[in-house]
Structures are given as C-alpha cells and as structure tokens.
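Next up, coords_19.txt (compact mmCIF, C-alpha atoms):
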# COMPACT_ATOMS: atom_id res chain seq x y z
CA MET A 1 155.57 -2.77 -96.89
CA ALA A 2 154.68 0.17 -99.13
CA VAL A 3 155.38 -0.04 -102.85
CA THR A 4 157.89 2.48 -104.17
CA GLN A 5 158.65 3.81 -107.63
CA ALA A 6 162.01 2.00 -107.48
CA ASP A 7 160.22 -1.32 -106.88
CA VAL A 8 158.15 -0.81 -110.02
CA LEU A 9 161.15 0.24 -112.12
CA ARG A 10 163.05 -2.88 -111.05
CA ALA A 11 160.12 -5.05 -112.11
CA LEU A 12 159.92 -3.27 -115.47
CA GLU A 13 163.54 -4.18 -116.21
CA SER A 14 162.14 -7.59 -117.18
CA VAL A 15 160.08 -6.02 -119.99
CA VAL A 16 162.12 -6.02 -123.20
CA LEU A 17 161.17 -4.08 -126.33
CA PRO A 18 161.64 -5.43 -129.88
CA ASP A 19 164.90 -3.44 -130.19
CA GLY A 20 166.37 -5.34 -127.21
CA LYS A 21 166.23 -2.47 -124.71
CA THR A 22 164.43 -2.83 -121.40
CA LEU A 23 161.47 -0.54 -120.86
CA PRO A 24 163.18 1.75 -118.30
CA GLN A 25 166.21 2.08 -120.62
CA SER A 26 164.17 2.77 -123.75
CA GLY A 27 163.29 6.41 -123.06
CA ARG A 28 159.63 5.52 -123.64
CA LEU A 29 158.53 5.35 -120.01
CA SER A 30 156.59 8.23 -118.44
CA ASP A 31 156.82 9.17 -114.77
CA VAL A 32 155.59 6.26 -112.67
CA MET A 33 152.91 7.34 -110.22
CA VAL A 34 152.65 5.15 -107.10
CA ARG A 35 150.18 5.75 -104.30
CA ASP A 36 148.60 3.36 -101.80
CA GLY A 37 149.32 0.34 -103.97
CA LYS A 38 147.98 1.97 -107.16
CA VAL A 39 150.45 2.34 -110.05
CA ILE A 40 149.87 4.46 -113.17
CA PHE A 41 152.27 5.11 -116.07
CA ALA A 42 152.39 5.34 -119.86
CA ILE A 43 154.59 4.01 -122.67
CA THR A 44 155.33 6.34 -125.56
CA VAL A 45 154.68 5.00 -129.06
CA GLU A 46 154.33 6.30 -132.58
CA SER A 47 150.97 5.84 -134.25
CA THR A 48 152.38 3.04 -136.43
CA GLU A 49 153.67 1.12 -133.38
CA VAL A 50 150.44 0.72 -131.42
CA ASN A 51 149.72 -2.86 -132.48
CA THR A 52 153.37 -3.89 -132.25
CA LEU A 53 153.83 -2.55 -128.72
CA GLU A 54 150.51 -3.63 -127.25
CA PRO A 55 152.21 -6.88 -126.03
CA VAL A 56 154.81 -4.68 -124.32
CA ARG A 57 152.02 -2.80 -122.53
CA LEU A 58 150.51 -6.09 -121.36
CA ALA A 59 153.92 -7.37 -120.22
CA ALA A 60 154.53 -4.15 -118.29
CA GLU A 61 151.13 -4.51 -116.66
CA ARG A 62 151.87 -8.11 -115.63
CA ALA A 63 155.32 -7.22 -114.32
CA THR A 64 153.94 -4.38 -112.22
CA LYS A 65 151.15 -6.51 -110.79
CA SER A 66 153.76 -9.04 -109.67
CA VAL A 67 155.32 -6.48 -107.30
CA PRO A 68 154.27 -7.25 -103.70
CA GLY A 69 151.85 -4.64 -102.42
CA VAL A 70 150.57 -3.51 -105.84
CA SER A 71 146.77 -3.59 -105.85
CA GLN A 72 145.86 -1.77 -109.07
CA VAL A 73 147.71 -0.99 -112.31
CA LEU A 74 146.84 1.36 -115.16
CA VAL A 75 149.24 1.28 -118.12
CA GLY A 76 148.55 3.26 -121.27
CA LEU A 77 150.11 3.79 -124.68
CA THR A 78 150.62 7.47 -125.43
CA GLY A 79 151.95 9.62 -128.24
CA GLU A 80 153.43 12.15 -125.82
CA ARG A 81 157.25 11.93 -125.56
CA PRO A 82 158.40 11.71 -121.91
CA GLN A 83 160.15 14.82 -120.63
CA GLY A 84 163.91 14.39 -120.86
CA SER A 85 163.69 11.45 -123.26
CA SER A 86 166.52 11.12 -125.73
CA ARG A 87 164.17 9.70 -128.29
CA PRO A 88 163.93 12.20 -131.17
CA ALA A 89 160.59 13.69 -132.06
CA PRO A 90 159.31 13.23 -135.65
CA ALA A 91 160.82 15.91 -137.86
CA ALA A 92 158.71 18.74 -139.25
CA THR A 93 155.39 17.10 -138.42
CA PRO A 94 153.18 19.56 -136.54
CA ARG A 95 150.79 17.99 -134.07
CA PRO A 96 147.25 18.46 -135.39
CA GLY A 97 144.74 20.34 -133.29
CA PRO A 98 141.16 19.09 -132.73
CA ALA A 99 139.84 20.99 -135.77
CA GLN A 100 142.45 19.36 -138.02
CA ARG A 101 141.78 15.89 -136.63
CA LEU A 102 138.10 16.27 -137.45
CA ASN A 103 139.02 16.47 -141.12
CA GLU A 104 141.36 13.49 -141.21
CA ALA A 105 140.56 10.48 -143.35
CA PRO A 106 138.19 7.89 -141.81
CA LYS A 107 139.83 5.38 -139.48
CA ALA A 108 140.01 1.77 -140.61
CA PRO A 109 137.41 -0.49 -138.98
CA GLY A 110 140.17 -2.38 -137.15
CA GLN A 111 141.00 0.77 -135.20
CA GLN A 112 137.48 0.99 -133.75
CA LEU A 113 136.98 -0.53 -130.33
CA ALA A 114 134.46 -3.39 -130.43
CA PHE A 115 132.00 -4.19 -127.63
CA PRO A 116 130.10 -7.32 -128.60
CA THR A 117 128.36 -7.60 -125.20
CA ILE A 118 127.05 -4.02 -125.21
CA LYS A 119 124.04 -3.27 -127.41
CA HIS A 120 124.17 0.54 -127.29
CA ILE A 121 126.69 3.14 -126.12
CA ILE A 122 125.53 6.71 -125.58
CA ALA A 123 127.42 9.83 -124.54
CA VAL A 124 126.04 12.49 -122.20
CA ALA A 125 127.89 15.69 -123.00
CA SER A 126 127.91 19.44 -122.57
CA GLY A 127 129.80 22.23 -124.21
CA LYS A 128 130.90 23.58 -120.83
CA GLY A 129 131.14 22.55 -117.20
CA GLY A 130 128.72 23.43 -114.42
CA VAL A 131 125.46 22.63 -116.21
CA GLY A 132 124.68 19.43 -114.30
CA LYS A 133 125.86 16.94 -116.91
CA SER A 134 127.13 14.35 -114.42
CA THR A 135 123.99 14.56 -112.28
CA THR A 136 121.90 14.13 -115.41
CA SER A 137 124.06 11.17 -116.50
CA ALA A 138 123.62 9.37 -113.17
CA ASN A 139 119.87 9.89 -113.03
CA LEU A 140 119.47 8.96 -116.69
CA ALA A 141 121.40 5.71 -116.16
CA ILE A 142 119.31 4.80 -113.10
CA SER A 143 116.10 5.67 -114.96
CA LEU A 144 117.07 3.50 -117.93
CA GLY A 145 117.57 0.68 -115.44
CA ALA A 146 114.10 1.34 -114.02
CA LEU A 147 112.77 0.86 -117.54
CA GLY A 148 114.15 -2.68 -117.60
CA MET A 149 117.49 -2.09 -119.31
CA LYS A 150 120.86 -3.49 -118.15
CA VAL A 151 122.96 -0.36 -117.71
CA GLY A 152 126.61 0.57 -117.25
CA MET A 153 128.13 3.98 -116.46
CA LEU A 154 131.61 5.06 -117.55
CA ASP A 155 132.85 8.25 -115.94
CA ALA A 156 135.06 9.65 -118.70
CA ASP A 157 135.83 12.92 -116.92
CA ILE A 158 139.44 12.14 -115.97
CA TYR A 159 140.17 15.55 -114.45
CA GLY A 160 136.94 15.81 -112.45
CA PRO A 161 135.31 12.40 -111.89
CA SER A 162 131.90 12.80 -110.25
CA GLN A 163 130.21 9.41 -110.52
CA PRO A 164 131.84 7.86 -107.41
CA LYS A 165 130.31 10.67 -105.33
CA LEU A 166 126.96 10.57 -107.12
CA PHE A 167 126.61 6.81 -106.68
CA GLY A 168 128.06 6.79 -103.17
CA LEU A 169 130.86 4.42 -104.19
CA ALA A 170 134.51 4.24 -103.15
CA GLY A 171 137.44 1.85 -103.12
CA LYS A 172 139.46 0.21 -105.83
CA PRO A 173 137.62 -2.28 -108.05
CA ARG A 174 138.54 -5.96 -108.08
CA THR A 175 140.46 -7.61 -110.90
CA SER A 176 139.08 -10.84 -112.37
CA ALA A 177 141.05 -13.99 -113.21
CA ASP A 178 141.36 -12.83 -116.83
CA ARG A 179 142.79 -9.51 -115.58
CA LYS A 180 139.66 -7.53 -116.39
CA ILE A 181 138.61 -4.75 -114.02
CA GLU A 182 135.32 -5.54 -112.29
CA PRO A 183 133.18 -2.38 -112.13
CA HIS A 184 131.40 -1.35 -108.96
CA GLU A 185 127.61 -1.65 -108.98
CA ARG A 186 124.85 0.31 -107.27
CA TYR A 187 121.19 0.98 -108.01
CA GLY A 188 121.45 -1.70 -110.69
CA VAL A 189 124.10 0.25 -112.64
CA LYS A 190 127.68 -0.96 -113.23
CA VAL A 191 130.02 1.99 -112.64
CA MET A 192 133.66 2.59 -113.61
CA SER A 193 135.62 5.78 -112.97
CA ILE A 194 139.23 6.91 -112.64
CA GLY A 195 138.02 8.17 -109.27
CA PHE A 196 138.17 4.59 -107.99
CA LEU A 197 141.88 4.38 -108.80
CA VAL A 198 143.15 7.69 -107.38
CA ASP A 199 142.54 9.58 -104.16
CA GLU A 200 139.71 12.10 -104.13
CA ASP A 201 142.11 15.00 -103.45
CA GLN A 202 144.76 13.92 -105.98
CA ALA A 203 145.15 16.24 -108.98
CA MET A 204 145.30 14.46 -112.34
CA ILE A 205 148.13 16.37 -114.02
CA TRP A 206 148.05 14.43 -117.27
CA ARG A 207 148.65 15.52 -120.86
CA GLY A 208 146.04 14.80 -123.51
CA PRO A 209 147.52 11.54 -124.88
CA MET A 210 147.73 10.05 -121.37
CA VAL A 211 144.07 10.92 -120.79
CA MET A 212 143.04 9.33 -124.08
CA SER A 213 145.01 6.19 -123.31
CA ALA A 214 143.37 5.89 -119.88
CA LEU A 215 139.92 6.31 -121.41
CA THR A 216 140.63 3.62 -123.98
CA GLN A 217 141.79 1.24 -121.27
CA MET A 218 138.74 1.88 -119.08
CA LEU A 219 136.53 1.07 -122.04
CA ARG A 220 138.46 -1.97 -123.20
CA ASP A 221 139.69 -3.58 -119.97
CA VAL A 222 136.54 -3.40 -117.85
CA ASN A 223 134.32 -6.47 -117.54
CA TRP A 224 131.05 -4.77 -118.45
CA GLY A 225 129.26 -8.03 -119.16
CA GLU A 226 125.96 -8.05 -121.04
CA LEU A 227 124.57 -4.50 -121.22
CA ASP A 228 121.66 -2.96 -123.07
CA VAL A 229 123.25 0.46 -122.80
CA LEU A 230 126.52 1.95 -121.58
CA VAL A 231 126.18 5.61 -120.58
CA ILE A 232 129.40 7.64 -120.89
CA ASP A 233 129.59 10.74 -118.72
CA MET A 234 131.77 12.84 -121.02
CA PRO A 235 134.20 15.54 -119.93
CA PRO A 236 132.93 19.07 -120.60
CA GLY A 237 133.99 20.75 -123.83
CA THR A 238 134.95 19.51 -127.30
CA GLY A 239 138.62 18.56 -127.03
CA ASP A 240 140.87 15.52 -127.41
CA ALA A 241 139.04 13.27 -124.94
CA GLN A 242 135.67 13.87 -126.58
CA LEU A 243 137.07 13.24 -130.06
CA THR A 244 138.79 10.05 -128.91
CA ILE A 245 135.53 8.61 -127.60
CA ALA A 246 133.47 9.85 -130.55
CA GLN A 247 135.88 8.48 -133.15
CA GLN A 248 136.97 5.21 -131.54
CA THR A 249 133.71 4.09 -129.90
CA PRO A 250 130.59 2.97 -131.80
CA LEU A 251 128.34 5.57 -130.20
CA ALA A 252 124.64 5.06 -130.85
CA GLY A 253 124.01 8.69 -130.01
CA ALA A 254 124.67 11.65 -127.73
CA VAL A 255 122.54 13.56 -125.22
CA ILE A 256 123.47 17.23 -124.82
CA VAL A 257 122.84 18.89 -121.44
CA SER A 258 122.52 22.66 -121.13
CA THR A 259 121.06 25.31 -118.87
CA PRO A 260 118.67 27.79 -120.48
CA GLN A 261 120.84 30.92 -120.56
CA ASP A 262 122.47 32.13 -123.76
CA LEU A 263 126.06 31.64 -122.53
CA ALA A 264 125.52 27.91 -121.93
CA LEU A 265 123.57 27.48 -125.15
CA ILE A 266 126.48 28.81 -127.22
CA ASP A 267 128.63 25.97 -125.87
CA ALA A 268 125.83 23.42 -126.22
CA ARG A 269 125.62 24.39 -129.89
CA ARG A 270 129.32 23.56 -130.24
CA GLY A 271 128.71 20.17 -128.62
CA VAL A 272 125.93 19.40 -131.11
CA ALA A 273 128.17 20.48 -133.99
CA MET A 274 131.06 18.29 -132.82
CA PHE A 275 128.97 15.11 -132.71
CA GLN A 276 127.39 15.90 -136.06
CA LYS A 277 130.86 16.47 -137.51
CA VAL A 278 131.98 12.96 -136.53
CA ASN A 279 128.71 11.41 -137.67
CA VAL A 280 127.35 10.61 -134.19
CA PRO A 281 123.56 11.06 -133.99
CA VAL A 282 122.38 13.59 -131.41
CA LEU A 283 119.54 11.95 -129.48
CA GLY A 284 118.41 15.31 -128.12
CA ILE A 285 118.94 18.21 -125.74
CA VAL A 286 118.03 18.31 -122.04
CA GLU A 287 117.35 21.64 -120.36
CA ASN A 288 118.72 21.41 -116.83
CA MET A 289 118.01 23.89 -114.00
CA ALA A 290 115.05 25.03 -116.07
CA SER A 291 113.29 26.88 -113.23
CA PHE A 292 113.29 27.22 -109.46
CA CYS A 293 110.17 26.75 -107.34
CA CYS A 294 110.39 28.41 -103.91
CA PRO A 295 109.66 25.73 -101.24
CA ASN A 296 108.00 28.34 -99.01
CA CYS A 297 105.68 30.24 -101.37
CA ASN A 298 105.74 28.01 -104.50
CA TYR A 299 106.69 31.00 -106.64
CA ILE A 300 108.51 29.85 -109.78
CA THR A 301 111.63 31.84 -110.69
CA PRO A 302 113.51 31.21 -113.97
CA ILE A 303 116.95 31.89 -112.45
CA PHE A 304 118.80 30.89 -115.64
CA GLY A 305 115.95 31.81 -117.95
CA HIS A 306 113.52 29.25 -119.33
CA GLY A 307 112.94 27.51 -122.63
CA GLY A 308 116.32 28.39 -124.12
CA ALA A 309 117.37 24.78 -124.69
CA LYS A 310 114.05 23.92 -126.27
CA LEU A 311 114.42 26.85 -128.67
CA GLU A 312 118.00 25.79 -129.41
CA ALA A 313 116.82 22.26 -130.20
CA GLU A 314 114.35 23.67 -132.70
CA LYS A 315 117.04 25.85 -134.28
CA THR A 316 119.53 23.00 -134.66
CA GLY A 317 116.93 20.45 -135.76
CA VAL A 318 117.44 18.03 -132.88
CA ARG A 319 114.93 16.64 -130.39
CA PHE A 320 114.08 18.36 -127.13
CA LEU A 321 114.10 15.57 -124.57
CA GLY A 322 112.68 17.57 -121.68
CA GLU A 323 113.55 19.83 -118.78
CA VAL A 324 114.66 19.28 -115.20
CA PRO A 325 114.05 21.96 -112.54
CA LEU A 326 116.60 23.51 -110.19
CA HIS A 327 115.69 21.97 -106.85
CA MET A 328 117.40 21.37 -103.53
CA ASP A 329 116.30 17.72 -103.43
CA ILE A 330 118.23 16.97 -106.63
CA ARG A 331 121.31 18.68 -105.21
CA SER A 332 121.13 17.14 -101.73
CA THR A 333 120.49 13.57 -102.86
CA SER A 334 123.34 13.84 -105.37
CA ASP A 335 125.74 15.02 -102.68
CA GLU A 336 124.64 12.11 -100.47
CA GLY A 337 125.26 9.50 -103.18
CA ARG A 338 121.53 8.82 -103.53
CA PRO A 339 120.44 10.29 -106.90
CA VAL A 340 116.81 11.32 -106.85
CA ALA A 341 115.91 8.76 -109.53
CA ALA A 342 116.84 6.05 -107.00
CA SER A 343 116.01 7.66 -103.65
CA ASP A 344 112.57 9.03 -104.64
CA PRO A 345 111.54 7.15 -107.80
CA ASP A 346 107.90 8.23 -107.51
CA GLY A 347 108.72 11.91 -106.99
CA VAL A 348 108.16 14.63 -109.55
CA HIS A 349 111.90 15.10 -110.22
CA ALA A 350 112.54 11.40 -110.76
CA LYS A 351 109.62 11.35 -113.18
CA ALA A 352 111.27 14.13 -115.19
CA TYR A 353 114.38 11.98 -115.61
CA LEU A 354 112.25 8.91 -116.32
CA ALA A 355 110.44 10.72 -119.14
CA ILE A 356 113.80 11.64 -120.69
CA ALA A 357 115.04 8.06 -120.28
CA GLN A 358 111.91 6.69 -121.94
CA GLN A 359 112.56 8.79 -125.03
CA VAL A 360 116.20 7.69 -125.13
CA LYS A 361 115.20 4.04 -124.78
CA ASP A 362 112.59 4.37 -127.53
CA LEU A 363 115.13 5.93 -129.89
CA LEU A 364 117.70 3.22 -129.21
CA THR A 365 115.38 0.23 -129.44
CA SER A 366 113.36 1.45 -132.40
CA GLY A 367 116.39 1.39 -134.70
CA VAL A 368 115.79 5.00 -135.73
CA MET A 369 119.29 5.99 -134.64
CA SER A 370 121.09 2.91 -136.02
CA ARG A 371 124.17 3.71 -138.06
CA ALA A 372 127.50 2.35 -139.18
CA ALA A 373 130.65 2.81 -137.12
CA PRO A 374 131.69 6.49 -136.80
CA LYS A 375 133.50 8.11 -139.70
CA ILE A 376 135.42 11.32 -139.94
CA VAL A 377 133.79 13.72 -142.37
CA ILE A 378 136.12 15.12 -145.04
CA GLU A 379 135.29 18.55 -146.40

Would you put the structure from the file into structure tokens?
Amino acid sequence: MAVTQADVLRALESVVLPDGKTLPQSGRLSDVMVRDGKVIFAITVESTEVNTLEPVRLAAERATKSVPGVSQVLVGLTGERPQGSSRPAPAATPRPGPAQRLNEAPKAPGQQLAFPTIKHIIAVASGKGGVGKSTTSANLAISLGALGMKVGMLDADIYGPSQPKLFGLAGKPRTSADRKIEPHERYGVKVMSIGFLVDEDQAMIWRGPMVMSALTQMLRDVNWGELDVLVIDMPPGTGDAQLTIAQQTPLAGAVIVSTPQDLALIDARRGVAMFQKVNVPVLGIVENMASFCCPNCNYITPIFGHGGAKLEAEKTGVRFLGEVPLHMDIRSTSDEGRPVAASDPDGVHAKAYLAIAQQVKDLLTSGVMSRAAPKIVIE
C-alpha cells in the first residue's frame, strides 16, 4: 500500500510542541512531499528556537518512519515561514542577503558542526556552473583514495546532484540501528547525495532555508565513519548554500575549478574571494578543459583558451594545482559512472587528477593549512 500525505499528517499529530499544539496544527509544517516511500518536509523555527525544537524534529522523524511503507525520511528545520501560515513574521526585521551575512559577528563554537571521525573536510567549488566541478570532485576523491586516504564524497548540489551518475550509483541508502544514513560506496569512496532520496527527473523546488537544512542533515546524520578527508561537491555560485557550508563546517580548505576563458575566471575570482572572506583557506585553482587534442591528427586546440586559471592563481596569490584537458574519454567515462581516475588509473588523464590530489594531500597532511574553526570577518 502506497504512503500518502494524509498518512504522514496523521502520524505527525502525535508530535506535540512545547506550546501544546500538535505539529500539523502549529502552522510550522511545510508541504509534505511523499514519493515512492520517501518523505521530505521542514519545520519552521526562529533562530533562537533551533536547540529547543531539535527534539521536535527528531520526534517528527520517528513518527514518520513508523508509518507503514515509509522507507526514507528527511526532516529539516527552516527559517522560511510556510505559505498560508498564520504565524506572524518578525516585525521590521529585513532578511539579510549573502553580503550582509558575511559581515555578521562570528558564530559561537557550539553552532559549528563537529565531525570527530573526519580528519579533513574540503570543498570543491566554482563561481559558475558548467566548468566540470562535479567531474573534478569525483576524480579528485578517487585519486585521494588511490593515495591511501579514506575518502567520503558529499554531493551538496541540491538542485543538480551529479555524483550518483558519476559514481554509477542509485537507490535509497540504508538506515542503521542508530538511525544514521549509511552512505553508498564505490571505488573506495563513501558517497551521499540528495539524488539518492529523490527521483532523477524530480525538480527540487525548495527555498534557500530548506536547502540549507537538508545540507546540514546530510552532513550530520550520515554515518561517515573514520575518514581522512570528506570532499564536498559544492553547488555553483556564492549563495546561501555555500555560506552555510563555509560557516558551519570546519573546512580545511577549498579547491576552485575554472575553465581558462575570461568569463569563467571572473566567477572563479568571486569564489576565491568568498572563501577568503569567511576565513577558509583556498588550497588552489584547477584549470579544467585546458586544451583539446584532436584524436585523429593530434593537433592541440585551446578551445576555451589556455593558461587563464594559472594566471588568475598568480594574480590572487593562491596555488595553481594543475590543468586537466578537454577529452572525450573523461566525458564518456563520467557519463558511464566510471570516472577516468578509476577506469583508467594509469592513463594520462588519471595522472593529471592524481597529481592534483597529491598536492591536496600534501597540503592537508603537512599542517600548512591548519586553522581554527571558521569565523566571519567583520569590517
């Protein structure tokens, strides 16, 4: 028997808030999304209520999981008021934009997520989409594993998750006895993505706070185990999701991916500036699609230009980690769920990723990039 929204709402009637109202009656409940046994919804809270209402979130999660036919549950706390809610919005308090949030006072250490079993967390980011960030993330993670590191991959691109396709993985993850999500694993890398919880063709029509809550839960509620490094495939751009991860996660550093042309480099520069603004070290820049070698005549064509990312690294004072060519093998193996770093580890393209991974590993293990938990810089 298929689970319906009404089934979930009936189960949530057992969840009572501190004011005595049930969750469905409280006006705090978002639309409940139900599909193929997967249930996703959010509970609206004020910033001062997060700790108080975390038990409510857990109770809602337990109640939903008790519904026959429910296989996966994702419940988040969000600051976005549900449409049609009678709950009044805070008076005369404009919602800060990303630029304003960058200049807020530093968060208290208790608000930082802690990952005692993960030695290093790094972000792979780009200022814009379409530069091969996700492909670079997958091959970097596999290459770090080839260098003897225990590696995890978090696909943080909620609107366009790519890692399930790149790793050739599908299906909902298992839930452990302690209600932790067990990540999938392939090529020696533990992988978690929202793509495992929703259908491939389902549009994620979520507001910013819902996205941030989902990201926090995927970080916190996944059984990553002992890892040397967790690679986060960041969404493109420099918006709410990026700031949430940068400010609430103890990032050891960030890798910026760009193509060589000026248009991409402008956005890569913004990515570097964002991480520097929130005191996250930039490990370096990778130039992707650096050149194209014709398979018939071996003539090299710089389709997107060449050397632009290296020059940008010099201008911004960050490391240039290396370049990766534009090649059909990288594209085809990625589409097949067999990234070139795994399917052809001795090939020239895999060696390009391995050289980048070696530099990242050296930076992480040498202690050069060690730092305190992220702070917000006040100007």

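Among the candidates A:Ser162, A:Thr333, A:Asn296, A:Ser258, the one nearest to Asp233 in chain A when counting all atoms listed in the file is A:Ser162.
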
If you measure from CA of Val360 in chain A to CA of Leu283 in chain A, what distance in Å do you get, rounded to one decimal?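 Between these atoms lies a distance of 6.9 Å.
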
Each residue of range 119-150 of chain A with at least one atom at most 12 Å from range 182-194 of chain A should appear once, together with its nearest atom pair and the corresponding distance in Å (one decimal); atoms considered: all atoms listed in the file; ordering: chain, then increasing residue number; output as JSON lines.
{"residue": "A:Ser137", "atom": "CA", "partner": "A:Val189", "partner_atom": "CA", "distance": 11.6}
{"residue": "A:Ala138", "atom": "CA", "partner": "A:Val189", "partner_atom": "CA", "distance": 9.1}
{"residue": "A:Asn139", "atom": "CA", "partner": "A:Tyr187", "partner_atom": "CA", "distance": 10.3}
{"residue": "A:Leu140", "atom": "CA", "partner": "A:Val189", "partner_atom": "CA", "distance": 10.7}
{"residue": "A:Ala141", "atom": "CA", "partner": "A:Val189", "partner_atom": "CA", "distance": 7.0}
{"residue": "A:Ile142", "atom": "CA", "partner": "A:Val189", "partner_atom": "CA", "distance": 6.6}
{"residue": "A:Ser143", "atom": "CA", "partner": "A:Tyr187", "partner_atom": "CA", "distance": 9.8}
{"residue": "A:Leu144", "atom": "CA", "partner": "A:Val189", "partner_atom": "CA", "distance": 9.4}
{"residue": "A:Gly145", "atom": "CA", "partner": "A:Gly188", "partner_atom": "CA", "distance": 6.6}
{"residue": "A:Ala146", "atom": "CA", "partner": "A:Gly188", "partner_atom": "CA", "distance": 8.6}
{"residue": "A:Leu147", "atom": "CA", "partner": "A:Gly188", "partner_atom": "CA", "distance": 11.3}
{"residue": "A:Gly148", "atom": "CA", "partner": "A:Gly188", "partner_atom": "CA", "distance": 10.1}
{"residue": "A:Met149", "atom": "CA", "partner": "A:Gly188", "partner_atom": "CA", "distance": 9.5}
{"residue": "A:Lys150", "atom": "CA", "partner": "A:Val189", "partner_atom": "CA", "distance": 7.4}

Can you spit out the residues from that selection as a short mmCIF file (atom, residue, chain, number, x, y, z; two decimals), in the frame of the given file, using C-alpha atoms?
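Saved as out_14.cif:
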data_model
loop_
_atom_site.label_atom_id
_atom_site.label_comp_id
_atom_site.auth_asym_id
_atom_site.auth_seq_id
_atom_site.Cartn_x
_atom_site.Cartn_y
_atom_site.Cartn_z
CA SER A 137 124.06 11.17 -116.50
CA ALA A 138 123.62 9.37 -113.17
CA ASN A 139 119.87 9.89 -113.03
CA LEU A 140 119.47 8.96 -116.69
CA ALA A 141 121.40 5.71 -116.16
CA ILE A 142 119.31 4.80 -113.10
CA SER A 143 116.10 5.67 -114.96
CA LEU A 144 117.07 3.50 -117.93
CA GLY A 145 117.57 0.68 -115.44
CA ALA A 146 114.10 1.34 -114.02
CA LEU A 147 112.77 0.86 -117.54
CA GLY A 148 114.15 -2.68 -117.60
CA MET A 149 117.49 -2.09 -119.31
CA LYS A 150 120.86 -3.49 -118.15
#

With distances taken over all atoms listed in the file, the candidate from A:Gln247, A:Ser14, A:Asn279, A:Thr78 nearest Val45 in chain A is A:Thr78

For Thr216 in chain A, list every protein, DNA or RNA residue within 10 Å, evaluated using all atoms listed in the file, and leave out those in the same chain fewer than 5 positions away; present the list as number ranges by chain. A: 76-77, 113, 156, 210-211, 221, 241, 244-245, 248-249

Go ahead and save the picked residues with C-alpha atoms, as a short mmCIF file (atom, residue, chain, number, x, y, z; two decimals), keeping the file's coordinate frame.
data_model
loop_
_atom_site.label_atom_id
_atom_site.label_comp_id
_atom_site.auth_asym_id
_atom_site.auth_seq_id
_atom_site.Cartn_x
_atom_site.Cartn_y
_atom_site.Cartn_z
CA GLY A 76 148.55 3.26 -121.27
CA LEU A 77 150.11 3.79 -124.68
CA LEU A 113 136.98 -0.53 -130.33
CA ALA A 156 135.06 9.65 -118.70
CA MET A 210 147.73 10.05 -121.37
CA VAL A 211 144.07 10.92 -120.79
CA ASP A 221 139.69 -3.58 -119.97
CA ALA A 241 139.04 13.27 -124.94
CA THR A 244 138.79 10.05 -128.91
CA ILE A 245 135.53 8.61 -127.60
CA GLN A 248 136.97 5.21 -131.54
CA THR A 249 133.71 4.09 -129.90
#

Identify the residues within 7 Å of coordinate (134.7, 14.1, -116.5) (same frame as the file), considering all atoms listed in the file, and give the answer as a PyMOL selection string. chain A and resi 155-162+233-236

Those same residues, written as a PDB file, keeping the file's coordinate frame with C-alpha atoms?
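This went into part-v3.pdb:
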ATOM      1  CA  ASP A 155     132.850   8.250-115.940  1.00  0.00           C
ATOM      2  CA  ALA A 156     135.060   9.650-118.700  1.00  0.00           C
ATOM      3  CA  ASP A 157     135.830  12.920-116.920  1.00  0.00           C
ATOM      4  CA  ILE A 158     139.440  12.140-115.970  1.00  0.00           C
ATOM      5  CA  TYR A 159     140.170  15.550-114.450  1.00  0.00           C
ATOM      6  CA  GLY A 160     136.940  15.810-112.450  1.00  0.00           C
ATOM      7  CA  PRO A 161     135.310  12.400-111.890  1.00  0.00           C
ATOM      8  CA  SER A 162     131.900  12.800-110.250  1.00  0.00           C
ATOM      9  CA  ASP A 233     129.590  10.740-118.720  1.00  0.00           C
ATOM     10  CA  MET A 234     131.770  12.840-121.020  1.00  0.00           C
ATOM     11  CA  PRO A 235     134.200  15.540-119.930  1.00  0.00           C
ATOM     12  CA  PRO A 236     132.930  19.070-120.600  1.00  0.00           C
TER      13      PRO A 236
END
